[in-house]
$ cat target.pdb   # PDB, C-alpha atoms and all ligand atoms
ATOM      1  CA  MET N  62      19.000  -8.286 -10.730
ATOM      2  CA  LEU N  63      18.889  -7.229  -7.107
ATOM      3  CA  PHE N  64      16.819  -4.307  -5.956
ATOM      4  CA  LYS N  65      14.310  -4.323  -8.692
ATOM      5  CA  PHE N  66      10.595  -4.732  -8.977
ATOM      6  CA  LYS N  67       9.646  -7.631 -11.222
ATOM      7  CA  PRO N  68      10.202  -6.507 -14.819
ATOM      8  CA  GLU N  69       7.448  -4.101 -15.720
ATOM      9  CA  ILE N  70       6.437  -5.182 -19.213
ATOM     10  CA  PRO N  71       6.443  -8.930 -18.583
ATOM     11  CA  SER N  72       4.525  -8.557 -15.332
ATOM     12  CA  SER N  73       1.794  -6.502 -16.962
ATOM     13  CA  GLU N  74       1.483  -9.167 -19.650
ATOM     14  CA  ILE N  75       1.065 -11.790 -16.950
ATOM     15  CA  THR N  76      -1.513  -9.535 -15.344
ATOM     16  CA  ASP N  77      -3.499  -9.439 -18.545
ATOM     17  CA  GLU N  78      -3.494 -13.184 -18.838
ATOM     18  CA  LYS N  79      -4.583 -13.684 -15.243
ATOM     19  CA  LEU N  80      -7.266 -11.073 -15.496
ATOM     20  CA  TYR N  81      -8.526 -12.556 -18.700
ATOM     21  CA  ASN N  82      -9.046 -15.828 -16.843
ATOM     22  CA  ASN N  83     -10.560 -14.040 -13.870
ATOM     23  CA  ARG N  84     -12.856 -12.172 -16.160
ATOM     24  CA  ARG N  85     -14.121 -15.363 -17.698
ATOM     25  CA  GLN N  86     -14.860 -16.595 -14.194
ATOM     26  CA  PHE N  87     -16.655 -13.380 -13.329
ATOM     27  CA  LEU N  88     -18.700 -13.620 -16.518
ATOM     28  CA  LYS N  89     -19.711 -17.155 -15.605
ATOM     29  CA  VAL N  90     -20.525 -16.107 -12.052
ATOM     30  CA  GLY N  91     -22.440 -13.125 -13.380
ATOM     31  CA  ALA N  92     -24.541 -15.306 -15.638
ATOM     32  CA  MET N  93     -25.242 -17.673 -12.784
ATOM     33  CA  ALA N  94     -26.236 -14.804 -10.576
ATOM     34  CA  THR N  95     -28.753 -13.614 -13.135
ATOM     35  CA  ILE N  96     -30.260 -17.080 -13.442
ATOM     36  CA  GLY N  97     -30.152 -17.955  -9.774
ATOM     37  CA  GLY N  98     -30.889 -14.426  -8.590
ATOM     38  CA  SER N  99     -28.252 -14.723  -5.869
ATOM     39  CA  LEU N 100     -26.887 -11.709  -4.068
ATOM     40  CA  LEU N 101     -23.449 -11.120  -5.506
ATOM     41  CA  PRO N 102     -21.724  -7.795  -4.888
ATOM     42  CA  SER N 103     -22.235  -5.459  -7.829
ATOM     43  CA  SER N 104     -18.464  -4.984  -7.935
ATOM     44  CA  VAL N 105     -18.035  -8.620  -8.963
ATOM     45  CA  LEU N 106     -20.599  -8.282 -11.717
ATOM     46  CA  ALA N 107     -19.066  -4.998 -12.852
ATOM     47  CA  ALA N 108     -15.653  -6.647 -13.115
ATOM     48  CA  GLY N 109     -17.171  -9.142 -15.512
ATOM     49  CA  ARG N 110     -18.294  -6.393 -17.828
ATOM     50  CA  ALA N 111     -15.160  -4.323 -17.634
ATOM     51  CA  ALA N 112     -13.823  -5.843 -20.840
ATOM     52  CA  PHE N 113     -16.237  -3.679 -22.819
ATOM     53  CA  PHE N 114     -16.325  -0.309 -21.119
ATOM     54  CA  LYS N 115     -14.462   1.633 -18.520
ATOM     55  CA  GLY N 116     -16.759   2.331 -15.623
ATOM     56  CA  PRO N 117     -16.083   4.846 -12.884
ATOM     57  CA  ASP N 118     -14.229   3.714  -9.807
ATOM     58  CA  ASP N 119     -15.839   0.315  -9.225
ATOM     59  CA  LEU N 120     -14.490  -1.633  -6.266
ATOM     60  CA  THR N 121     -11.813  -4.173  -7.119
ATOM     61  CA  PRO N 122     -13.179  -7.580  -6.037
ATOM     62  CA  TYR N 123     -12.061  -8.919  -2.628
ATOM     63  CA  GLU N 124     -10.550 -11.931  -4.347
ATOM     64  CA  VAL N 125      -8.217  -9.710  -6.402
ATOM     65  CA  VAL N 126      -7.298  -7.358  -3.521
ATOM     66  CA  THR N 127      -6.235 -10.359  -1.418
ATOM     67  CA  SER N 128      -4.473 -12.469  -4.053
ATOM     68  CA  TYR N 129      -2.466  -9.934  -6.114
ATOM     69  CA  ASN N 130      -0.024  -8.473  -3.602
ATOM     70  CA  ASN N 131       3.376  -6.913  -3.133
ATOM     71  CA  PHE N 132       4.833  -8.116   0.159
ATOM     72  CA  TYR N 133       8.424  -9.138  -0.478
ATOM     73  CA  GLU N 134       8.735 -10.606   3.040
ATOM     74  CA  PHE N 135       6.630 -13.456   1.654
ATOM     75  CA  GLY N 136       8.100 -13.621  -1.871
ATOM     76  CA  THR N 137       8.402 -11.301  -4.863
ATOM     77  CA  GLY N 138       5.650 -12.874  -6.978
ATOM     78  CA  LYS N 139       2.213 -11.283  -6.807
ATOM     79  CA  ASP N 140       0.640 -14.629  -5.894
ATOM     80  CA  GLU N 141       3.261 -15.574  -3.291
ATOM     81  CA  PRO N 142       2.201 -13.507  -0.242
ATOM     82  CA  LYS N 143      -1.210 -15.171  -0.153
ATOM     83  CA  LYS N 144       0.318 -18.643  -0.413
ATOM     84  CA  ASN N 145       3.258 -18.078   1.920
ATOM     85  CA  ALA N 146       1.541 -16.033   4.635
ATOM     86  CA  THR N 147      -1.413 -18.286   5.389
ATOM     87  CA  ARG N 148      -0.047 -19.307   8.803
ATOM     88  CA  PHE N 149       1.440 -15.943   9.749
ATOM     89  CA  LYS N 150       0.440 -15.323  13.391
ATOM     90  CA  THR N 151      -0.528 -11.749  14.269
ATOM     91  CA  ASP N 152      -1.885 -12.222  17.766
ATOM     92  CA  PRO N 153      -0.347 -11.235  20.132
ATOM     93  CA  TRP N 154       1.295  -8.246  18.395
ATOM     94  CA  LYS N 155       3.517  -5.611  19.991
ATOM     95  CA  VAL N 156       4.192  -2.151  18.630
ATOM     96  CA  SER N 157       7.124  -0.134  19.933
ATOM     97  CA  VAL N 158       6.672   3.645  19.967
ATOM     98  CA  GLU N 159      10.024   5.428  20.011
ATOM     99  CA  GLY N 160      11.895   8.671  19.493
ATOM    100  CA  GLU N 161      10.504  12.190  19.825
ATOM    101  CA  VAL N 162       7.358  11.285  21.730
ATOM    102  CA  GLU N 163       6.130  12.077  25.214
ATOM    103  CA  LYS N 164       6.278   8.505  26.520
ATOM    104  CA  PRO N 165       8.296   5.982  24.473
ATOM    105  CA  GLN N 166       6.829   2.577  25.206
ATOM    106  CA  VAL N 167       6.175  -0.914  23.858
ATOM    107  CA  TRP N 168       2.457  -1.382  23.421
ATOM    108  CA  ASP N 169       0.201  -4.313  22.975
ATOM    109  CA  LEU N 170      -1.485  -3.494  19.661
ATOM    110  CA  ASP N 171      -4.948  -3.864  21.189
ATOM    111  CA  GLU N 172      -4.117  -1.311  23.868
ATOM    112  CA  LEU N 173      -2.388   1.043  21.462
ATOM    113  CA  ILE N 174      -5.465   1.375  19.269
ATOM    114  CA  ASP N 175      -8.117   0.808  21.927
ATOM    115  CA  GLY N 176     -11.009   3.221  21.506
ATOM    116  CA  LEU N 177      -9.857   4.725  18.206
ATOM    117  CA  ALA N 178     -12.911   4.886  15.941
ATOM    118  CA  THR N 179     -12.524   2.763  12.820
ATOM    119  CA  GLN N 180     -14.224   3.682   9.584
ATOM    120  CA  GLU N 181     -14.443   2.433   6.007
ATOM    121  CA  LYS N 182     -12.512   4.435   3.394
ATOM    122  CA  VAL N 183     -12.726   3.545  -0.283
ATOM    123  CA  TYR N 184      -9.418   4.602  -1.826
ATOM    124  CA  ARG N 185      -7.728   4.344  -5.180
ATOM    125  CA  HIS N 186      -4.565   2.261  -4.617
ATOM    126  CA  ARG N 187      -1.799   2.883  -7.170
ATOM    127  CA  CYS N 188       1.390   0.827  -7.356
ATOM    128  CA  VAL N 189       4.521   2.470  -8.768
ATOM    129  CA  GLU N 190       4.678  -0.497 -11.168
ATOM    130  CA  GLY N 191       1.642   0.800 -13.067
ATOM    131  CA  TRP N 192      -1.362  -1.129 -11.789
ATOM    132  CA  SER N 193      -4.166   0.153  -9.605
ATOM    133  CA  MET N 194      -7.164  -1.019  -7.620
ATOM    134  CA  VAL N 195     -10.056   0.507  -5.689
ATOM    135  CA  VAL N 196     -10.196  -0.837  -2.156
ATOM    136  CA  PRO N 197     -12.612  -0.422   0.754
ATOM    137  CA  TRP N 198     -10.183  -0.312   3.684
ATOM    138  CA  ASN N 199     -11.179  -0.338   7.355
ATOM    139  CA  GLY N 200      -9.081   1.613   9.777
ATOM    140  CA  PHE N 201      -8.599   4.851  11.659
ATOM    141  CA  PRO N 202      -6.892   8.094  10.676
ATOM    142  CA  LEU N 203      -3.232   7.978  11.699
ATOM    143  CA  LYS N 204      -3.694  11.467  13.144
ATOM    144  CA  ASP N 205      -5.951  10.043  15.861
ATOM    145  CA  LEU N 206      -3.144   7.762  17.015
ATOM    146  CA  ILE N 207      -0.466  10.462  16.737
ATOM    147  CA  THR N 208      -2.559  12.844  18.805
ATOM    148  CA  ARG N 209      -2.853  10.169  21.485
ATOM    149  CA  LEU N 210       0.923   9.506  21.442
ATOM    150  CA  LYS N 211       1.864  13.196  21.815
ATOM    151  CA  PRO N 212       5.020  13.722  19.748
ATOM    152  CA  THR N 213       7.442  16.342  21.097
ATOM    153  CA  ALA N 214       7.955  19.716  19.426
ATOM    154  CA  LYS N 215      11.090  18.321  17.781
ATOM    155  CA  ALA N 216       9.220  15.615  15.859
ATOM    156  CA  LYS N 217       9.135  16.404  12.123
ATOM    157  CA  PHE N 218       8.841  12.891  10.650
ATOM    158  CA  VAL N 219       7.336   9.556  11.578
ATOM    159  CA  GLU N 220       8.879   6.242  10.600
ATOM    160  CA  PHE N 221       7.177   2.838  10.318
ATOM    161  CA  THR N 222       9.075  -0.450  10.547
ATOM    162  CA  THR N 223       7.806  -3.858   9.469
ATOM    163  CA  LEU N 224       8.414  -7.016  11.515
ATOM    164  CA  HIS N 225      11.899  -8.486  11.006
ATOM    165  CA  ASP N 226      11.785 -12.243  11.625
ATOM    166  CA  SER N 227      12.881 -14.500   8.793
ATOM    167  CA  ARG N 228      11.409 -17.568  10.500
ATOM    168  CA  ARG N 229       7.993 -15.997  10.133
ATOM    169  CA  MET N 230       8.736 -14.025   6.975
ATOM    170  CA  PRO N 231      10.784 -16.337   4.760
ATOM    171  CA  GLY N 232      11.234 -13.718   2.034
ATOM    172  CA  GLN N 233      13.655 -11.994   4.411
ATOM    173  CA  LEU N 234      16.136 -14.830   3.819
ATOM    174  CA  SER N 235      16.683 -13.276   0.390
ATOM    175  CA  PRO N 236      18.634  -9.988   0.089
ATOM    176  CA  VAL N 237      16.188  -8.563  -2.451
ATOM    177  CA  LEU N 238      15.681  -5.570  -0.104
ATOM    178  CA  GLN N 239      17.417  -4.334   3.037
ATOM    179  CA  TRP N 240      15.411  -5.699   5.975
ATOM    180  CA  PRO N 241      13.408  -4.709   7.851
ATOM    181  CA  TYR N 242      11.190  -2.754   5.459
ATOM    182  CA  VAL N 243      11.059   0.874   6.612
ATOM    183  CA  GLU N 244       8.838   3.700   5.418
ATOM    184  CA  ALA N 245       8.283   7.227   6.698
ATOM    185  CA  LEU N 246       6.207  10.363   6.268
ATOM    186  CA  ARG N 247       6.644  14.011   7.074
ATOM    187  CA  LEU N 248       4.579  14.695  10.191
ATOM    188  CA  ASP N 249       2.112  16.922   8.321
ATOM    189  CA  GLU N 250       1.549  14.161   5.745
ATOM    190  CA  ALA N 251       0.985  11.721   8.585
ATOM    191  CA  MET N 252      -1.537  14.110  10.177
ATOM    192  CA  ASN N 253      -3.547  14.518   6.945
ATOM    193  CA  PRO N 254      -7.033  13.064   7.504
ATOM    194  CA  LEU N 255      -6.653  10.795   4.446
ATOM    195  CA  THR N 256      -3.709   8.886   5.942
ATOM    196  CA  LEU N 257      -5.081   5.665   7.349
ATOM    197  CA  MET N 258      -3.866   2.965   9.723
ATOM    198  CA  VAL N 259      -5.550  -0.079   8.252
ATOM    199  CA  THR N 260      -6.707  -3.124  10.194
ATOM    200  CA  GLY N 261      -9.324  -4.513   7.809
ATOM    201  CA  VAL N 262     -10.549  -4.724   4.241
ATOM    202  CA  TYR N 263     -14.068  -5.298   2.900
ATOM    203  CA  GLY N 264     -15.278  -5.266   6.514
ATOM    204  CA  LYS N 265     -13.118  -8.263   7.426
ATOM    205  CA  LYS N 266      -9.919  -8.566   9.439
ATOM    206  CA  LEU N 267      -6.931  -7.676   7.261
ATOM    207  CA  PRO N 268      -5.491 -10.898   5.792
ATOM    208  CA  PRO N 269      -1.736 -11.498   6.296
ATOM    209  CA  GLN N 270      -0.905 -10.876   2.628
ATOM    210  CA  ASN N 271      -2.338  -7.333   2.904
ATOM    211  CA  GLY N 272      -0.261  -6.477   5.976
ATOM    212  CA  ALA N 273      -2.021  -7.838   9.061
ATOM    213  CA  PRO N 274      -2.496  -6.922  11.761
ATOM    214  CA  ILE N 275      -1.823  -3.248  10.988
ATOM    215  CA  ARG N 276      -0.464  -1.381   7.954
ATOM    216  CA  LEU N 277      -0.373   2.085   6.558
ATOM    217  CA  ILE N 278      -2.269   3.474   3.534
ATOM    218  CA  ILE N 279      -1.520   6.894   2.053
ATOM    219  CA  PRO N 280      -3.843   7.082  -0.947
ATOM    220  CA  TRP N 281      -2.119   9.940  -2.818
ATOM    221  CA  LYS N 282       1.243   8.134  -2.792
ATOM    222  CA  TYR N 283       2.535   5.065  -4.582
ATOM    223  CA  GLY N 284       1.697   1.849  -2.754
ATOM    224  CA  PHE N 285       5.215   1.178  -1.505
ATOM    225  CA  LYS N 286       4.881   4.000   1.048
ATOM    226  CA  GLY N 287       2.263   1.887   2.849
ATOM    227  CA  GLY N 288       4.378  -0.355   5.081
ATOM    228  CA  LYS N 289       2.765  -3.608   6.210
ATOM    229  CA  SER N 290       2.755  -5.560   9.501
ATOM    230  CA  ILE N 291       4.122  -2.624  11.488
ATOM    231  CA  VAL N 292       5.992  -3.269  14.758
ATOM    232  CA  LYS N 293       7.646   0.100  15.327
ATOM    233  CA  ILE N 294       6.551   3.728  15.074
ATOM    234  CA  ARG N 295       9.367   6.234  15.616
ATOM    235  CA  PHE N 296       9.142  10.038  15.651
ATOM    236  CA  THR N 297      12.246  11.836  14.385
ATOM    237  CA  GLU N 298      13.721  15.238  13.862
ATOM    238  CA  LYS N 299      15.536  14.245  10.667
ATOM    239  CA  GLN N 300      14.132  12.615   7.562
ATOM    240  CA  PRO N 301      14.427   8.829   7.993
ATOM    241  CA  ARG N 302      15.912   6.622   5.306
ATOM    242  CA  THR N 303      13.352   4.455   3.562
ATOM    243  CA  THR N 304      13.621   1.002   2.003
ATOM    244  CA  TRP N 305      13.023   1.620  -1.714
ATOM    245  CA  ASN N 306      14.969   4.867  -1.618
ATOM    246  CA  ILE N 307      17.934   3.000  -0.128
ATOM    247  CA  ALA N 308      17.557   0.273  -2.775
ATOM    248  CA  ILE N 309      17.365   2.518  -5.869
ATOM    249  CA  PRO N 310      17.491   6.225  -4.960
ATOM    250  CA  ARG N 311      17.272   7.409  -8.567
ATOM    251  CA  GLU N 312      13.956   5.610  -9.051
ATOM    252  CA  TYR N 313      12.215   5.849  -5.673
ATOM    253  CA  GLY N 314      12.241   9.071  -3.717
ATOM    254  CA  PHE N 315      11.090   9.882  -0.207
ATOM    255  CA  TYR N 316       7.851  11.545  -1.309
ATOM    256  CA  ALA N 317       6.544   9.057  -3.909
ATOM    257  CA  ASN N 318       3.477  11.172  -4.626
ATOM    258  CA  VAL N 319       1.468   9.766  -7.524
ATOM    259  CA  ASN N 320       2.341  12.095 -10.392
ATOM    260  CA  PRO N 321       1.481  11.421 -14.039
ATOM    261  CA  LYS N 322       3.927  14.138 -15.114
ATOM    262  CA  VAL N 323       7.001  12.614 -13.514
ATOM    263  CA  ASP N 324       7.875   9.320 -15.154
ATOM    264  CA  HIS N 325       9.726   6.504 -13.516
ATOM    265  CA  PRO N 326      13.179   6.340 -15.181
ATOM    266  CA  ARG N 327      12.223   3.003 -16.744
ATOM    267  CA  TRP N 328       8.539   3.524 -17.594
ATOM    268  CA  THR N 329       5.747   6.073 -17.886
ATOM    269  CA  GLN N 330       3.575   7.032 -14.924
ATOM    270  CA  ALA N 331       1.012   8.823 -17.108
ATOM    271  CA  LYS N 332      -1.182   5.721 -17.414
ATOM    272  CA  GLU N 333      -2.178   2.826 -15.219
ATOM    273  CA  ARG N 334      -3.932  -0.483 -15.584
ATOM    274  CA  ARG N 335      -6.877  -0.837 -13.219
ATOM    275  CA  LEU N 336      -6.966  -4.518 -12.318
ATOM    276  CA  GLY N 337     -10.013  -5.939 -14.072
ATOM    277  CA  GLU N 338      -9.761  -3.663 -17.120
ATOM    278  CA  PHE N 339      -8.010  -4.034 -20.490
ATOM    279  CA  THR N 340      -7.578  -0.409 -21.525
ATOM    280  CA  ARG N 341      -5.202   1.684 -19.486
ATOM    281  CA  ARG N 342      -6.570   4.723 -17.672
ATOM    282  CA  ASP N 343      -4.958   8.123 -17.248
ATOM    283  CA  THR N 344      -3.217   8.416 -13.916
ATOM    284  CA  LEU N 345      -4.497  11.351 -11.876
ATOM    285  CA  MET N 346      -2.319  13.914 -10.129
ATOM    286  CA  PHE N 347      -1.952  12.890  -6.474
ATOM    287  CA  ASN N 348      -3.990   9.821  -7.481
ATOM    288  CA  GLY N 349      -7.097  12.033  -7.595
ATOM    289  CA  TYR N 350      -6.641  13.568  -4.126
ATOM    290  CA  THR N 351      -5.271  16.986  -5.170
ATOM    291  CA  ALA N 352      -7.855  19.034  -3.305
ATOM    292  CA  GLU N 353      -7.003  17.305  -0.037
ATOM    293  CA  VAL N 354      -3.210  17.273  -0.259
ATOM    294  CA  GLU N 355      -1.742  19.826  -2.674
ATOM    295  CA  LYS N 356      -1.227  22.360   0.125
ATOM    296  CA  LEU N 357       1.280  19.973   1.718
ATOM    297  CA  TYR N 358       3.627  20.557  -1.220
ATOM    298  CA  ALA N 359       3.111  24.265  -1.914
ATOM    299  CA  GLY N 360       6.306  25.735  -3.326
ATOM    300  CA  MET N 361       8.043  22.375  -3.687
ATOM    301  CA  ASP N 362       9.540  21.190  -6.964
ATOM    302  CA  LEU N 363       7.806  17.829  -7.401
ATOM    303  CA  ARG N 364      10.320  16.819 -10.056
ATOM    304  CA  LYS N 365      13.147  17.068  -7.544
ATOM    305  CA  ASN N 366      11.070  15.802  -4.657
ATOM    306  CA  TYR N 367       9.816  12.665  -6.396
TER     307      TYR N 367
HETATM  308  N1  LIG N 401       6.610  -4.603   4.534
HETATM  309  C1  LIG N 401       6.244  -4.384   3.269
HETATM  310  N2  LIG N 401       5.302  -3.450   3.011
HETATM  311  C2  LIG N 401       4.917  -3.229   1.721
HETATM  312  C3  LIG N 401       5.517  -3.925   0.642
HETATM  313  C4  LIG N 401       6.500  -4.914   0.958
HETATM  314  O1  LIG N 401       7.064  -5.583   0.083
HETATM  315  N3  LIG N 401       6.833  -5.106   2.273
HETATM  316  N4  LIG N 401       5.118  -3.646  -0.659
HETATM  317  C5  LIG N 401       4.546  -2.308  -0.903
HETATM  318  C6  LIG N 401       3.995  -2.148  -2.241
HETATM  319  S1  LIG N 401       5.108  -1.977  -3.527
HETATM  320  C7  LIG N 401       2.650  -2.045  -2.469
HETATM  321  S2  LIG N 401       2.049  -1.663  -4.009
HETATM  322  C8  LIG N 401       1.673  -2.275  -1.375
HETATM  323  C9  LIG N 401       0.711  -3.382  -1.779
HETATM  324  O2  LIG N 401      -0.323  -3.526  -0.844
HETATM  325  P1  LIG N 401      -1.477  -4.599  -1.084
HETATM  326  O3  LIG N 401      -0.811  -5.930  -1.316
HETATM  327  O4  LIG N 401      -2.327  -4.597   0.140
HETATM  328  O5  LIG N 401      -2.232  -4.170  -2.305
HETATM  329  O6  LIG N 401       2.302  -2.660  -0.157
HETATM  330  C10 LIG N 401       3.485  -1.953   0.154
HETATM  331  N5  LIG N 401       3.935  -2.298   1.479
HETATM  332 MO    MO N 402       3.900  -1.063  -5.252
END

$ encode --input "target.pdb" --output "structure tokens" --more "lines below"
Ligand SMILES: Nc1nc2c(c(=O)[nH]1)N[C@H]1C(S)=C(S)[C@@H](COP(=O)(O)O)O[C@H]1N2
Ligand SMILES: [Mo]
Amino acid sequence: MLFKFKPEIPSSEITDEKLYNNRRQFLKVGAMATIGGSLLPSSVLAAGRAAFFKGPDDLTPYEVVTSYNNFYEFGTGKDEPKKNATRFKTDPWKVSVEGEVEKPQVWDLDELIDGLATQEKVYRHRCVEGWSMVVPWNGFPLKDLITRLKPTAKAKFVEFTTLHDSRRMPGQLSPVLQWPYVEALRLDEAMNPLTLMVTGVYGKKLPPQNGAPIRLIIPWKYGFKGGKSIVKIRFTEKQPRTTWNIAIPREYGFYANVNPKVDHPRWTQAKERRLGEFTRRDTLMFNGYTAEVEKLYAGMDLRKNY
């Protein structure tokens, strides 16, 4: 039972049940809003109606984005990170920059990102388990930070390590994954303008369960590539080993590009359940970001490089 996401079929059934309850709440809230004329976000109202038609990419409500999480450092249940991370302290926060870089150094997070322009990016967010959301993240392109750090000519990859401290992250007392959580990108993937260092969501400070104070989001890849609560950034010549690839190499590759044509060995990736909807949607190649990223993989066999 080690090294395994929660069973796929049962968890999607649980999802349905939860969302059904949420939906009833949204419907109630929606009705109240109509009567009281209060200013609720349209995304909340849209979620209430999603039982009957599939809209375009409506935002997933804040409440869902911040209460349905994968963050095994705080437990493997979707509801556990929110409960178990409430008192997680993220200030002060140090980030160590290492490896093939002009000046390796331990930074205070505030200094590391000082002056980098943050923006809002609304991205589709697709978990390898088969659910998806649409999230308005706040952050800055990773390329802005990399440019500032000046990697050497030898740097071909960049690796991101999550905090390793089981007193603060009790999920690390369990050997469900090899700790600390490590993810990595090829340098050209990291430099793509879509790749975001995220510090906020819905215009608010990132809550602990979503990876405060700083996490990565790569919208054309499965969610597990987006390491949370990052304390180390290391530039390397060789391809780093990554957590889910170490855990189950046959199921989770280095690239993890969203690809409806390459199924997970235990389930299809052709469809996904958008949280808030009943009917599954078709999954889009590169999660809908083909125009922006396909050139990164020209000539590569995406079946082999999964
Ligand atoms: N450190 C760490 N980062 C992590 C994970 C984790 O368990 N630990 N889970 C990953 C997975 S599987 C997903 S889908 C996303 C979920 O991000 P969200 O909770 O903000 O939606 O975080 C990713 N980053
Ligand atoms: Mo995921």

$ atom_distance --input "target.pdb" --atom1 "atom CA of N:Val262" --atom2 "atom CA of N:Ile275"
11.1 Å

$ atom_distance --input "target.pdb" --atom1 "atom CA of N:Thr208" --atom2 "atom CA of N:Leu357"
18.9 Å

$ resolve_selection --input "target.pdb" --expression "the PyMOL selection byres (((chain N and resi 295) around 6) and not hetatm)" --output "VMD selection string"
chain N and resid 158 to 160 219 to 220 294 296

$ residues_near_ligand --input "target.pdb" --ligand "ligand MO 402 (chain N)" --cutoff "8 Å" --atoms "all atoms listed in the file" --output "count of residues only"
8

$ resolve_selection --input "target.pdb" --expression "the PyMOL selection byres (((chain N and resi 144) around 12) and not hetatm)" --output "list in words"
Thr127, Ser128, Tyr129, Asn130, Phe132, Phe135, Gly136, Thr137, Gly138, Lys139, Asp140, Glu141, Pro142, Lys143, Asn145, Ala146, Thr147, Arg148, Phe149, Pro231, Pro268, Pro269 and Gln270 of chain N

$ closest_residue --input "target.pdb" --among "N:Asp226, N:Glu161, N:Asp324, N:Glu134" --to "ligand LIG 401 (chain N)" --atoms "only C-alpha atoms and all ligand atoms"
N:Glu134

$ closest_residue --input "target.pdb" --among "N:Tyr358, N:Trp240, N:Tyr263, N:Phe339" --to "ligand LIG 401 (chain N)" --atoms "all atoms listed in the file"
N:Trp240

$ closest_residue --input "target.pdb" --among "N:Ala251, N:Leu224, N:Ala216, N:Val259" --to "N:Lys182" --atoms "only C-alpha atoms"
N:Val259

$ atom_distance --input "target.pdb" --atom1 "atom C4 of ligand LIG 401 (chain N)" --atom2 "atom CA of N:Thr256"
17.9 Å

$ axis_aligned_box --input "target.pdb" --around "ligand LIG 401 (chain N)" --padding-each-side "5 Å" --output "JSON"
{"center_x": 2.4, "center_y": -3.8, "center_z": 0.3, "size_x": 19.4, "size_y": 14.3, "size_z": 18.5}

$ build_atoms --input "target.pdb" --residues "stretch 355-359 of chain N" --atoms "all heavy atoms" --output "compact mmCIF listing (two decimals), in the coordinates of the input"
# COMPACT_ATOMS: atom_id res chain seq x y z
N GLU N 355 -2.73 19.01 -1.94
CA GLU N 355 -1.74 19.83 -2.67
C GLU N 355 -1.08 20.87 -1.78
O GLU N 355 0.08 21.23 -1.97
CB GLU N 355 -2.34 20.46 -3.94
CG GLU N 355 -3.34 21.55 -3.67
CD GLU N 355 -3.87 22.16 -4.97
OE1 GLU N 355 -3.18 22.08 -6.00
OE2 GLU N 355 -4.98 22.72 -4.93
N LYS N 356 -1.81 21.34 -0.76
CA LYS N 356 -1.23 22.36 0.12
C LYS N 356 0.01 21.86 0.88
O LYS N 356 0.87 22.64 1.27
CB LYS N 356 -2.29 22.88 1.10
CG LYS N 356 -2.90 21.82 1.99
CD LYS N 356 -4.05 22.38 2.84
CE LYS N 356 -4.75 21.31 3.67
NZ LYS N 356 -5.38 20.21 2.88
N LEU N 357 0.11 20.54 1.03
CA LEU N 357 1.28 19.97 1.72
C LEU N 357 2.57 20.23 0.94
O LEU N 357 3.66 20.18 1.52
CB LEU N 357 1.13 18.46 1.89
CG LEU N 357 0.01 17.95 2.81
CD1 LEU N 357 -0.16 16.44 2.67
CD2 LEU N 357 0.32 18.30 4.26
N TYR N 358 2.44 20.47 -0.36
CA TYR N 358 3.63 20.56 -1.22
C TYR N 358 3.76 21.92 -1.89
O TYR N 358 4.50 22.06 -2.86
CB TYR N 358 3.59 19.41 -2.25
CG TYR N 358 3.32 18.09 -1.57
CD1 TYR N 358 2.06 17.48 -1.63
CD2 TYR N 358 4.30 17.49 -0.78
CE1 TYR N 358 1.79 16.30 -0.96
CE2 TYR N 358 4.04 16.32 -0.09
CZ TYR N 358 2.79 15.72 -0.18
OH TYR N 358 2.53 14.57 0.50
N ALA N 359 3.06 22.92 -1.34
CA ALA N 359 3.11 24.26 -1.91
C ALA N 359 4.57 24.73 -2.00
O ALA N 359 5.32 24.63 -1.03
CB ALA N 359 2.29 25.22 -1.06
